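In what follows, a single structure is set out as structure tokens and then discussed.
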Amino acid sequence: MEGIIPFSVNGLSKPCQTWYKVVGDLQSAIPLVVLHGGPGACHEYLLPLTDLAAHRPLVFYDQIGNGRSTHLPEKSGDEAFWTVELFKSELDNLLTHLGLNNRPIDVYGHSWGGMLAAEWASTAESKHLRRLVLSNSLASMDAWKIGVDALRAQLPHDVQKVLDRSEETKDFESPEYEAAVEVFYKRHLSLSRPWPSPEVQAALDWFAKDPTTYGTMYGPSELYISGALRNWTCIPMLSRIQVPTLLINGAQDEAQDVAMQPFFDHIQKVKWVTLDNAAHFSHVDQREAYMKHLESFLSA
């Protein structure tokens with residue numbers, strides 16, 4: 001089942017819509033609501049999660065600003081508009097429309113989706129949340145930068161020089177910069193070969209088609225954080241998360257352990273799994289093992 005949900009945004013006269021897709025029957029079991037990363041990577045790269053659909057319905061959606069939901073390129077660069085609050089409001093609107101705001105649900109967030117899920121799970125609106133999955137994510141941008149900088153220092157020196165030079169000149173569109181970023185992505189975004197996997201390509205394609213949300217909130221690439229999220233943290237609110245939570249990342253993940261550690265330290269009921277031979281797209285790199293961990297956690 002696919003559909004469009006009206007979403008009214010404060011201060012915006014333009015009517016907006018959120019596109020969603022339900023796999024399975026929402027009445028059959030506790031649904032898993034899936035929050036994609038990016039911001040702006042859209043739902044397609046997480047479709048391997050349909051491996052879990054034998055035992056529960058799944059809800060996918062494209063967050064506002066990209067994919068099949070409303071695009072707002074006129075808001076490019078508007079950091080006051082593109083806030084975490086906007087996306088929390090969209091999630092609440094989605095749940096209300098689908099009748100999921102007053103019954104038990106599970107929530108899964110990948111990367112930026114995990115940031116959004118963690119913030120949402122610490123609010124009163126999450127009172128019917130049963131279980132939470134924070135996958136390949138981060139509790140603060142400062143901790144994320146520590147991990148990414150350490151990985152960057154392991155890149156070949158000529159690649160590091162290109163990255164440094166591009167950041168000094170703010171030239172993020174040269175072929176040299178794109179090639180240097182790809183070296184990092186092949187090591188820490190996904191280890192699946194041939195490169196890029198369909199899932200990686202799906203996410204990168206949406207960034208290329210409309211970079212509004214990613215560019216405004218994050219930056220020109222995973223290696224340069226210049227957007228509205230540059231000082232973001234959810235650490236002070238993590239103690240409010242009361243539900244059982246699964247943390248999962250990859251050993252070669254750009255979401256290094258240092259970025260995930262605060263989740264483990266501050267969420268009361270938490271389990272943490274790190275998959276070997278997996279990077280940021282652990283659900284692709286080690287699909288079978290990844291799904292086994294999720295299924296075990298969600299079925300408990």
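Identifiers in the structure tokens: chain A, B, ... in order shown; residue index from 1 per chain; ligand index from 1 in order shown.
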>> List the spatial neighbours of Ala80 in chain A as a ChimeraX atom specification - criterion: any atom at most 12 Å away, only C-alpha atoms, same-chain residues fewer than 6 positions off excluded.
In response: /A:10-11,86,216-217,227-229
> Between A:Arg240, A:Trp232, A:Val148, A:Asp164, which is the closest to Val258 in chain A once you count only C-alpha atoms?
Replying inline: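 Checking each candidate against Val258 in chain A, we get A:Val148 as the closest.
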>> DSSP on the backbone: which residues in range 135-216 of chain A end up as alpha helix (DSSP H)? Give the answer as a PyMOL selection string.
In response: chain A and resi 141-152+157-169+175-188+198-209+212-216
>> Nearest residue to His110 in chain A out of A:Ser226, A:Asn66, A:Ser282, A:Ser140, using only C-alpha atoms?
In response: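 With only C-alpha atoms as the atom set, the closest residue is A:Ser282.
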> Neighbours of Pro244 in chain A within 9 Å (only C-alpha atoms; same-chain residues fewer than 5 positions away dropped), as a VMD selection string?
Replying inline: chain A and resid 130 to 133 267 to 271 297
> Given the choices A:Thr274, A:Thr169, A:Ser221, A:Thr233, which gets closest to Tyr185 in chain A if the distance is worked out from only C-alpha atoms?
Replying inline: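 Among A:Thr274, A:Thr169, A:Ser221, A:Thr233, it is A:Ser221 that comes nearest to Tyr185 in chain A.
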>> At a cut-off of 12 Å, using only C-alpha atoms, what residues contact His280 in chain A? Leave out same-chain residues fewer than 4 positions from it and give the result as JSON, numbers by chain.
In response: {"A": [37, 38, 45, 110, 111, 112, 135, 136, 137, 138, 148, 184, 185, 186, 187, 188, 189, 190, 191, 192, 199, 200, 222, 248, 249, 250, 251, 252, 253, 254, 255, 256, 257, 274, 275, 276, 284, 285, 286]}
>> From the options A:Asp92, A:Asp142, A:Leu238, A:Glu2, which residue's atoms come nearest to Val59 in chain A, counting only C-alpha atoms?
In response: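 That would be A:Glu2, the residue with the smallest distance to Val59 in chain A.
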> Which distance in Å separates CA of Ile241 in chain A and CA of Leu94 in chain A, to one decimal?
Replying inline: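 About the pair CA of Ile241 in chain A and CA of Leu94 in chain A: they are 21.0 Å apart.
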